[in-house]
>>> print(open('data.tsv').read())   # TSV, C-alpha atoms
chain	number	residue	atom	x	y	z
Y	82	MET	CA	166.81	-5.02	-97.50
Y	83	ARG	CA	167.45	-1.55	-96.14
Y	84	LYS	CA	169.55	0.63	-98.46
Y	85	THR	CA	172.71	2.25	-97.19
Y	86	GLY	CA	173.26	5.99	-97.41
Y	87	GLU	CA	175.74	5.48	-100.24
Y	88	GLU	CA	173.24	3.40	-102.26
Y	89	LYS	CA	170.53	6.02	-101.71
Y	90	ALA	CA	172.88	8.74	-102.88
Y	91	ASN	CA	172.98	7.03	-106.28
Y	92	ASN	CA	169.20	7.30	-106.61
Y	93	ARG	CA	166.97	10.31	-106.89
Y	94	VAL	CA	167.73	12.91	-104.28
Y	95	ILE	CA	166.97	16.52	-103.45
Y	96	LYS	CA	169.37	18.86	-101.66
Y	97	VAL	CA	167.81	21.73	-99.77
Y	98	THR	CA	169.43	24.43	-97.65
Y	99	GLY	CA	167.43	25.51	-94.65
Y	100	GLU	CA	167.97	28.95	-93.15
Y	101	ALA	CA	166.95	30.44	-89.85
Y	102	THR	CA	167.30	33.53	-87.69
Y	103	VAL	CA	166.76	33.63	-83.95
Y	104	GLY	CA	166.78	36.49	-81.52
Y	105	ALA	CA	167.01	36.97	-77.77
Y	106	LYS	CA	166.97	39.85	-75.34
Y	107	PRO	CA	170.43	40.56	-73.92
Y	108	ASP	CA	170.85	39.61	-70.27
Y	109	GLN	CA	174.59	40.14	-69.97
Y	110	ALA	CA	176.95	43.12	-70.11
Y	111	VAL	CA	180.48	42.48	-71.42
Y	112	ILE	CA	182.81	45.26	-70.24
Y	113	SER	CA	186.24	45.62	-71.88
Y	114	LEU	CA	188.89	47.69	-70.09
Y	115	ASN	CA	192.15	48.61	-71.78
Y	116	VAL	CA	194.88	49.90	-69.47
Y	117	SER	CA	198.22	51.33	-70.60
Y	118	GLU	CA	201.41	52.58	-68.91
Y	119	LEU	CA	204.44	54.21	-70.55
Y	120	SER	CA	207.85	54.48	-68.89
Y	121	ALA	CA	211.49	54.74	-69.95
Y	122	ASN	CA	212.16	51.83	-67.61
Y	123	TYR	CA	210.73	48.38	-68.37
Y	124	SER	CA	210.14	47.43	-64.74
Y	125	GLU	CA	208.44	50.73	-63.99
Y	126	ALA	CA	206.10	50.32	-66.97
Y	127	VAL	CA	205.03	46.86	-65.80
Y	128	SER	CA	204.79	47.94	-62.18
Y	129	GLY	CA	202.69	50.98	-63.10
Y	130	LEU	CA	200.38	48.77	-65.14
Y	131	ASP	CA	199.96	46.37	-62.22
Y	132	SER	CA	199.07	49.29	-59.96
Y	133	SER	CA	196.40	50.47	-62.41
Y	134	VAL	CA	194.87	46.99	-62.66
Y	135	ASN	CA	194.85	46.66	-58.87
Y	136	GLU	CA	193.09	50.00	-58.60
Y	137	ILE	CA	190.39	48.72	-60.95
Y	138	LYS	CA	190.04	45.58	-58.83
Y	139	THR	CA	189.67	47.73	-55.73
Y	140	ALA	CA	186.89	49.70	-57.40
Y	141	LEU	CA	185.11	46.44	-58.25
Y	142	SER	CA	185.48	45.11	-54.70
Y	143	LYS	CA	183.84	48.23	-53.29
Y	144	LEU	CA	180.82	47.42	-55.46
Y	145	HIS	CA	180.84	43.83	-54.14
Y	146	ILE	CA	181.80	42.46	-57.56
Y	147	ASP	CA	183.96	39.33	-57.47
Y	148	VAL	CA	187.38	40.40	-58.83
Y	149	ASN	CA	187.93	36.83	-60.05
Y	150	LEU	CA	185.40	37.61	-62.78
Y	151	LEU	CA	187.89	40.10	-64.24
Y	152	LYS	CA	189.88	38.22	-66.88
Y	153	THR	CA	192.96	39.23	-68.88
Y	154	SER	CA	192.37	39.09	-72.64
Y	155	SER	CA	195.86	40.21	-73.59
Y	156	PHE	CA	199.08	41.51	-72.05
Y	157	ASN	CA	201.86	43.20	-74.03
Y	158	VAL	CA	205.00	45.22	-73.44
Y	159	ASN	CA	206.37	46.97	-76.54
Y	160	THR	CA	209.04	49.56	-77.21
Y	161	GLU	CA	207.72	52.92	-78.35
Y	162	TYR	CA	209.50	55.41	-80.58
Y	163	GLU	CA	208.79	58.89	-81.90
Y	164	GLY	CA	210.00	60.58	-85.05
Y	165	TYR	CA	211.99	63.80	-85.03
Y	166	SER	CA	214.10	65.92	-87.33
Y	167	ASP	CA	217.74	66.48	-86.29
Y	168	ASP	CA	219.78	69.69	-86.77
Y	169	LYS	CA	220.51	68.74	-90.39
Y	170	GLY	CA	216.87	68.10	-91.20
Y	171	VAL	CA	217.30	64.33	-91.28
Y	172	TRP	CA	214.26	62.44	-90.04
Y	173	LYS	CA	215.09	59.95	-87.28
Y	174	ASN	CA	213.45	57.84	-84.60
Y	175	ARG	CA	214.26	57.99	-80.92
Y	176	PHE	CA	213.30	55.72	-78.08
Y	177	VAL	CA	210.44	56.99	-75.91
Y	178	GLY	CA	209.97	54.12	-73.53
Y	179	TYR	CA	208.23	50.84	-72.86
Y	180	ARG	CA	204.48	50.70	-73.37
Y	181	ALA	CA	202.84	48.07	-71.14
Y	182	THR	CA	199.21	47.34	-72.01
Y	183	GLU	CA	196.64	44.94	-70.62
Y	184	SER	CA	193.15	44.24	-71.94
Y	185	LEU	CA	190.64	43.08	-69.33
Y	186	LYS	CA	187.17	41.63	-69.73
Y	187	LEU	CA	184.35	41.48	-67.23
Y	188	GLU	CA	181.00	39.73	-67.81
Y	189	LEU	CA	178.08	40.63	-65.56
Y	190	GLY	CA	174.35	40.16	-65.52
Y	191	LEU	CA	172.61	43.10	-67.17
Y	192	ASP	CA	171.87	45.56	-64.38
Y	193	ASN	CA	171.77	49.21	-65.44
Y	194	LYS	CA	172.23	50.53	-61.91
Y	195	LEU	CA	175.28	48.37	-61.23
Y	196	LEU	CA	176.68	49.08	-64.69
Y	197	GLY	CA	176.42	52.81	-64.11
Y	198	GLU	CA	178.11	52.56	-60.72
Y	199	LEU	CA	180.86	50.38	-62.15
Y	200	LEU	CA	181.62	52.74	-65.03
Y	201	THR	CA	181.63	55.73	-62.70
Y	202	ALA	CA	184.01	54.07	-60.24
Y	203	VAL	CA	186.42	52.74	-62.85
Y	204	SER	CA	186.54	55.91	-64.93
Y	205	ALA	CA	187.18	58.00	-61.80
Y	206	SER	CA	190.26	55.94	-60.95
Y	207	SER	CA	193.77	57.08	-61.86
Y	208	ALA	CA	194.03	54.03	-64.16
Y	209	HIS	CA	191.99	55.94	-66.78
Y	210	PRO	CA	191.18	52.82	-68.84
Y	211	GLU	CA	189.56	52.82	-72.25
Y	212	ILE	CA	186.11	51.37	-71.61
Y	213	TYR	CA	183.83	49.57	-74.08
Y	214	VAL	CA	180.55	47.87	-73.22
Y	215	ARG	CA	178.70	45.33	-75.35
Y	216	PHE	CA	175.62	43.26	-74.60
Y	217	SER	CA	175.12	39.53	-75.01
Y	218	VAL	CA	173.26	36.51	-73.59
Y	219	LYS	CA	174.48	34.14	-70.88
Y	220	ASP	CA	173.12	30.91	-72.35
Y	221	LYS	CA	174.76	31.02	-75.77
Y	222	THR	CA	174.48	27.25	-76.29
Y	223	LYS	CA	170.70	27.31	-75.97
Y	224	LEU	CA	170.46	30.10	-78.54
Y	225	LYS	CA	172.74	28.31	-81.04
Y	226	ASP	CA	170.88	25.00	-80.58
Y	227	ARG	CA	167.57	26.72	-81.31
Y	228	LEU	CA	169.08	28.25	-84.43
Y	229	ILE	CA	170.31	24.90	-85.83
Y	230	SER	CA	166.99	23.21	-85.04
Y	231	ARG	CA	165.04	25.86	-86.90
Y	232	ALA	CA	167.38	25.68	-89.91
Y	233	VAL	CA	166.87	21.92	-90.21
Y	234	LYS	CA	163.09	22.34	-89.90
Y	235	ASP	CA	163.21	25.00	-92.62
Y	236	SER	CA	165.04	22.57	-94.91
Y	237	ALA	CA	162.34	19.93	-94.29
Y	238	ARG	CA	159.57	22.44	-94.99
Y	239	LYS	CA	161.15	23.52	-98.28
Y	240	ALA	CA	161.87	19.93	-99.34
Y	241	LYS	CA	158.23	18.89	-98.74
Y	242	LEU	CA	156.98	21.91	-100.65
Y	243	LEU	CA	159.24	21.15	-103.62
Y	244	CYS	CA	158.27	17.48	-103.67
Y	245	GLU	CA	154.57	18.29	-103.50
Y	246	ALA	CA	154.93	20.71	-106.41
Y	247	ALA	CA	156.85	18.09	-108.39
Y	248	GLY	CA	154.36	15.33	-107.60
Y	249	VAL	CA	156.86	13.09	-105.82
Y	250	GLU	CA	157.14	11.83	-102.26
Y	251	LEU	CA	159.86	12.97	-99.89
Y	252	GLY	CA	161.85	10.14	-98.35
Y	253	GLU	CA	164.40	9.84	-95.57
Y	254	VAL	CA	167.35	12.06	-94.77
Y	255	ILE	CA	170.53	10.80	-96.46
Y	256	ALA	CA	173.03	13.36	-95.18
Y	257	ILE	CA	173.21	16.65	-93.30
Y	258	ASN	CA	175.92	19.17	-94.10
Y	259	TYR	CA	176.61	21.79	-91.46
Y	260	SER	CA	179.76	23.90	-91.29
Y	261	PHE	CA	180.35	24.79	-87.65
Y	262	ARG	CA	181.31	28.36	-86.97
Y	263	GLU	CA	181.59	30.35	-83.79
Y	264	PRO	CA	179.61	33.54	-84.34
Y	265	GLU	CA	179.97	36.65	-82.22
Y	266	ILE	CA	176.88	36.79	-80.08
Y	267	PHE	CA	176.43	40.47	-79.35
Y	268	SER	CA	173.67	43.02	-79.57
Y	269	PRO	CA	174.23	45.74	-82.22
Y	270	THR	CA	174.02	48.22	-79.35
Y	271	ALA	CA	177.41	49.44	-78.13
Y	272	TYR	CA	177.76	51.63	-75.04
Y	273	ASN	CA	180.99	53.56	-75.36
Y	274	ARG	CA	181.81	56.91	-73.80
Y	275	GLY	CA	184.84	59.10	-73.46
Y	276	VAL	CA	186.25	59.34	-69.95
Y	277	GLY	CA	185.06	62.88	-69.34
Y	278	LEU	CA	181.48	62.14	-70.36
Y	279	MET	CA	181.47	58.90	-68.44
Y	280	GLU	CA	182.47	60.51	-65.17
Y	281	ALA	CA	179.58	62.94	-65.52
Y	282	LYS	CA	176.83	60.63	-66.73
Y	283	ALA	CA	177.62	56.99	-66.05
Y	284	ALA	CA	175.81	57.04	-62.70
Y	285	THR	CA	172.51	57.52	-64.54
Y	286	CYS	CA	173.21	54.74	-67.05
Y	287	ASP	CA	169.90	53.52	-68.56
Y	288	VAL	CA	170.35	51.34	-71.62
Y	289	THR	CA	167.87	49.08	-73.39
Y	290	PRO	CA	170.04	47.19	-75.90
Y	291	GLU	CA	168.67	45.77	-79.12
Y	292	ASP	CA	168.04	42.03	-79.33
Y	293	VAL	CA	170.88	39.67	-80.15
Y	294	THR	CA	170.22	38.03	-83.55
Y	295	LEU	CA	171.92	35.05	-85.19
Y	296	THR	CA	171.51	33.65	-88.70
Y	297	ASP	CA	172.75	30.27	-89.94
Y	298	SER	CA	172.05	27.58	-92.53
Y	299	VAL	CA	172.03	23.78	-92.79
Y	300	THR	CA	172.03	21.75	-96.02
Y	301	VAL	CA	170.14	18.45	-95.99
Y	302	LEU	CA	170.19	15.72	-98.65
Y	303	TRP	CA	166.84	13.94	-98.88
Y	304	GLU	CA	165.75	10.78	-100.69
Y	305	ILE	CA	162.98	11.12	-103.25
Y	306	LYS	CA	160.76	8.05	-103.31
>>> encode(input="data.tsv", output="structure tokens")
Amino acid sequence: MRKTGEEKANNRVIKVTGEATVGAKPDQAVISLNVSELSANYSEAVSGLDSSVNEIKTALSKLHIDVNLLKTSSFNVNTEYEGYSDDKGVWKNRFVGYRATESLKLELGLDNKLLGELLTAVSASSAHPEIYVRFSVKDKTKLKDRLISRAVKDSARKAKLLCEAAGVELGEVIAINYSFREPEIFSPTAYNRGVGLMEAKAATCDVTPEDVTLTDSVTVLWEIK
């Protein structure tokens, strides 16, 4: 009669954690654009922000980039204050205005020429966004699947090695313990420039980002025959 997993767990077992690291060359640029507008009037702050975002979209359209690829990561309108000392030397806060901010994200295939043109066009606009560029891979699922597969194979390799050294035979898998997590899949290379530098040099953008690397582990419970 075939034993159940619970019955096997009461017998001799070995628990081995397999580890793996995989790498891949980045094929995607992730551009983050942070736009901000300050005004004493709420409506004017929001309207000014909308104008800046539309200007960025216009710049993308001129480069034949689909503006629907530009996504909003966050949108906030907050009151802003500044500290000052009154005539009696008492420190106080006074209202400055409404700060409307929007964070945008654009994912494109890695193309240094297009990236340089995009950064030049956007930084030259009156929107003056903060610009950050990171590099990733398009097929993240394939990379994560390869990582898990290698970690399980590493557990099997270690388990066989341990059993051979102990003079016992490795049996079937009883249980696999894997804690799912959503890692950030980015190259360590970051391409960030101040606006002034970007306007002057972005057109000659030539970046070879480091490989994306992921590390993970899987714990497997094996039967010992």
>>> closest_residue(input="data.tsv", among="Y:Glu118, Y:Glu291, Y:Glu253, Y:Asp226", to="Lys96 (chain Y)", atoms="only C-alpha atoms")
Y:Glu253
>>> atom_distance(input="data.tsv", atom1="CA of Leu295 (chain Y)", atom2="CA of Ala271 (chain Y)")
16.9 Å
>>> atom_distance(input="data.tsv", atom1="CA of Pro290 (chain Y)", atom2="CA of Glu188 (chain Y)")
15.5 Å
>>> residues_near_point(input="data.tsv", point="(165.5, 23.0, -88.0)", cutoff="12 Å", atoms="only C-alpha atoms", output="PDB file with C-alpha atoms, keeping the file's coordinate frame")
ATOM      1  CA  THR Y  98     169.430  24.430 -97.650  1.00  0.00           C
ATOM      2  CA  GLY Y  99     167.430  25.510 -94.650  1.00  0.00           C
ATOM      3  CA  GLU Y 100     167.970  28.950 -93.150  1.00  0.00           C
ATOM      4  CA  ALA Y 101     166.950  30.440 -89.850  1.00  0.00           C
ATOM      5  CA  THR Y 102     167.300  33.530 -87.690  1.00  0.00           C
ATOM      6  CA  VAL Y 103     166.760  33.630 -83.950  1.00  0.00           C
ATOM      7  CA  LYS Y 225     172.740  28.310 -81.040  1.00  0.00           C
ATOM      8  CA  ASP Y 226     170.880  25.000 -80.580  1.00  0.00           C
ATOM      9  CA  ARG Y 227     167.570  26.720 -81.310  1.00  0.00           C
ATOM     10  CA  LEU Y 228     169.080  28.250 -84.430  1.00  0.00           C
ATOM     11  CA  ILE Y 229     170.310  24.900 -85.830  1.00  0.00           C
ATOM     12  CA  SER Y 230     166.990  23.210 -85.040  1.00  0.00           C
ATOM     13  CA  ARG Y 231     165.040  25.860 -86.900  1.00  0.00           C
ATOM     14  CA  ALA Y 232     167.380  25.680 -89.910  1.00  0.00           C
ATOM     15  CA  VAL Y 233     166.870  21.920 -90.210  1.00  0.00           C
ATOM     16  CA  LYS Y 234     163.090  22.340 -89.900  1.00  0.00           C
ATOM     17  CA  ASP Y 235     163.210  25.000 -92.620  1.00  0.00           C
ATOM     18  CA  SER Y 236     165.040  22.570 -94.910  1.00  0.00           C
ATOM     19  CA  ALA Y 237     162.340  19.930 -94.290  1.00  0.00           C
ATOM     20  CA  ARG Y 238     159.570  22.440 -94.990  1.00  0.00           C
ATOM     21  CA  LYS Y 239     161.150  23.520 -98.280  1.00  0.00           C
ATOM     22  CA  ILE Y 257     173.210  16.650 -93.300  1.00  0.00           C
ATOM     23  CA  TYR Y 259     176.610  21.790 -91.460  1.00  0.00           C
ATOM     24  CA  ASP Y 297     172.750  30.270 -89.940  1.00  0.00           C
ATOM     25  CA  SER Y 298     172.050  27.580 -92.530  1.00  0.00           C
ATOM     26  CA  VAL Y 299     172.030  23.780 -92.790  1.00  0.00           C
ATOM     27  CA  THR Y 300     172.030  21.750 -96.020  1.00  0.00           C
ATOM     28  CA  VAL Y 301     170.140  18.450 -95.990  1.00  0.00           C
TER      29      VAL Y 301
END
>>> atom_distance(input="data.tsv", atom1="CA of Thr153 (chain Y)", atom2="CA of Leu200 (chain Y)")
18.1 Å
>>> residues_around(input="data.tsv", residues="Leu150 (chain Y)", least_positions_apart="2", cutoff="9 Å", atoms="all atoms listed in the file", output="list of chain:residue names")
Y:Ile146, Y:Asp147, Y:Val148, Y:Lys152, Y:Lys186, Y:Leu187, Y:Glu188, Y:Leu189
>>> closest_residue(input="data.tsv", among="Y:Leu224, Y:Val254, Y:Ala246, Y:Val177", to="Gly104 (chain Y)", atoms="all atoms listed in the file")
Y:Leu224
>>> closest_residue(input="data.tsv", among="Y:Ile112, Y:Gly252, Y:Phe261, Y:Asp167", to="Val214 (chain Y)", atoms="all atoms listed in the file")
Y:Ile112
>>> closest_residue(input="data.tsv", among="Y:Val111, Y:Val116, Y:Leu251, Y:Ala105", to="Val134 (chain Y)", atoms="all atoms listed in the file")
Y:Val116
>>> build_atoms(input="data.tsv", residues="region 155-187 of chain Y", atoms="N, CA and C atoms", output="tab-separated table (two decimals), keeping the file's coordinate frame")
chain	number	residue	atom	x	y	z
Y	155	SER	N	194.53	40.11	-73.00
Y	155	SER	CA	195.86	40.21	-73.59
Y	155	SER	C	196.77	41.04	-72.70
Y	156	PHE	N	198.07	40.77	-72.81
Y	156	PHE	CA	199.08	41.51	-72.05
Y	156	PHE	C	200.30	41.69	-72.95
Y	157	ASN	N	200.74	42.94	-73.14
Y	157	ASN	CA	201.86	43.20	-74.03
Y	157	ASN	C	202.76	44.30	-73.47
Y	158	VAL	N	204.04	44.16	-73.74
Y	158	VAL	CA	205.00	45.22	-73.44
Y	158	VAL	C	205.80	45.45	-74.73
Y	159	ASN	N	205.69	46.65	-75.28
Y	159	ASN	CA	206.37	46.97	-76.54
Y	159	ASN	C	207.20	48.23	-76.39
Y	160	THR	N	208.25	48.32	-77.18
Y	160	THR	CA	209.04	49.56	-77.21
Y	160	THR	C	208.30	50.59	-78.04
Y	161	GLU	N	208.41	51.84	-77.64
Y	161	GLU	CA	207.72	52.92	-78.35
Y	161	GLU	C	208.75	53.96	-78.79
Y	162	TYR	N	208.59	54.42	-80.03
Y	162	TYR	CA	209.50	55.41	-80.58
Y	162	TYR	C	208.71	56.59	-81.13
Y	163	GLU	N	209.40	57.71	-81.28
Y	163	GLU	CA	208.79	58.89	-81.90
Y	163	GLU	C	209.75	59.44	-82.95
Y	164	GLY	N	209.18	60.00	-83.99
Y	164	GLY	CA	210.00	60.58	-85.05
Y	164	GLY	C	210.37	62.02	-84.75
Y	165	TYR	N	211.56	62.40	-85.20
Y	165	TYR	CA	211.99	63.80	-85.03
Y	165	TYR	C	212.99	64.15	-86.12
Y	166	SER	N	213.15	65.43	-86.32
Y	166	SER	CA	214.10	65.92	-87.33
Y	166	SER	C	215.32	66.48	-86.62
Y	167	ASP	N	216.54	65.99	-86.97
Y	167	ASP	CA	217.74	66.48	-86.29
Y	167	ASP	C	218.16	67.84	-86.84
Y	168	ASP	N	219.31	68.35	-86.39
Y	168	ASP	CA	219.78	69.69	-86.77
Y	168	ASP	C	220.01	69.82	-88.27
Y	169	LYS	N	220.26	68.71	-88.94
Y	169	LYS	CA	220.51	68.74	-90.39
Y	169	LYS	C	219.24	68.44	-91.20
Y	170	GLY	N	218.12	68.35	-90.51
Y	170	GLY	CA	216.87	68.10	-91.20
Y	170	GLY	C	216.64	66.64	-91.57
Y	171	VAL	N	217.45	65.76	-91.00
Y	171	VAL	CA	217.30	64.33	-91.28
Y	171	VAL	C	216.27	63.75	-90.31
Y	172	TRP	N	215.32	63.01	-90.88
Y	172	TRP	CA	214.26	62.44	-90.04
Y	172	TRP	C	214.77	61.16	-89.37
Y	173	LYS	N	214.61	61.10	-88.03
Y	173	LYS	CA	215.09	59.95	-87.28
Y	173	LYS	C	214.04	59.51	-86.25
Y	174	ASN	N	214.29	58.36	-85.68
Y	174	ASN	CA	213.45	57.84	-84.60
Y	174	ASN	C	214.25	57.79	-83.31
Y	175	ARG	N	213.58	58.10	-82.21
Y	175	ARG	CA	214.26	57.99	-80.92
Y	175	ARG	C	213.34	57.23	-79.94
Y	176	PHE	N	213.99	56.54	-79.06
Y	176	PHE	CA	213.30	55.72	-78.08
Y	176	PHE	C	212.54	56.59	-77.08
Y	177	VAL	N	211.27	56.26	-76.87
Y	177	VAL	CA	210.44	56.99	-75.91
Y	177	VAL	C	210.33	56.21	-74.61
Y	178	GLY	N	210.11	54.93	-74.74
Y	178	GLY	CA	209.97	54.12	-73.53
Y	178	GLY	C	209.30	52.79	-73.83
Y	179	TYR	N	208.92	52.13	-72.76
Y	179	TYR	CA	208.23	50.84	-72.86
Y	179	TYR	C	206.75	51.06	-72.59
Y	180	ARG	N	205.93	50.57	-73.51
Y	180	ARG	CA	204.48	50.70	-73.37
Y	180	ARG	C	203.92	49.35	-72.92
Y	181	ALA	N	203.46	49.29	-71.68
Y	181	ALA	CA	202.84	48.07	-71.14
Y	181	ALA	C	201.33	48.23	-71.23
Y	182	THR	N	200.66	47.27	-71.84
Y	182	THR	CA	199.21	47.34	-72.01
Y	182	THR	C	198.56	46.02	-71.59
Y	183	GLU	N	197.41	46.13	-71.01
Y	183	GLU	CA	196.64	44.94	-70.62
Y	183	GLU	C	195.18	45.18	-70.95
Y	184	SER	N	194.58	44.18	-71.62
Y	184	SER	CA	193.15	44.24	-71.94
Y	184	SER	C	192.41	43.31	-70.99
Y	185	LEU	N	191.41	43.83	-70.32
Y	185	LEU	CA	190.64	43.08	-69.33
Y	185	LEU	C	189.20	42.94	-69.78
Y	186	LYS	N	188.58	41.84	-69.39
Y	186	LYS	CA	187.17	41.63	-69.73
Y	186	LYS	C	186.39	41.21	-68.50
Y	187	LEU	N	185.21	41.78	-68.36
Y	187	LEU	CA	184.35	41.48	-67.23
Y	187	LEU	C	182.93	41.22	-67.74
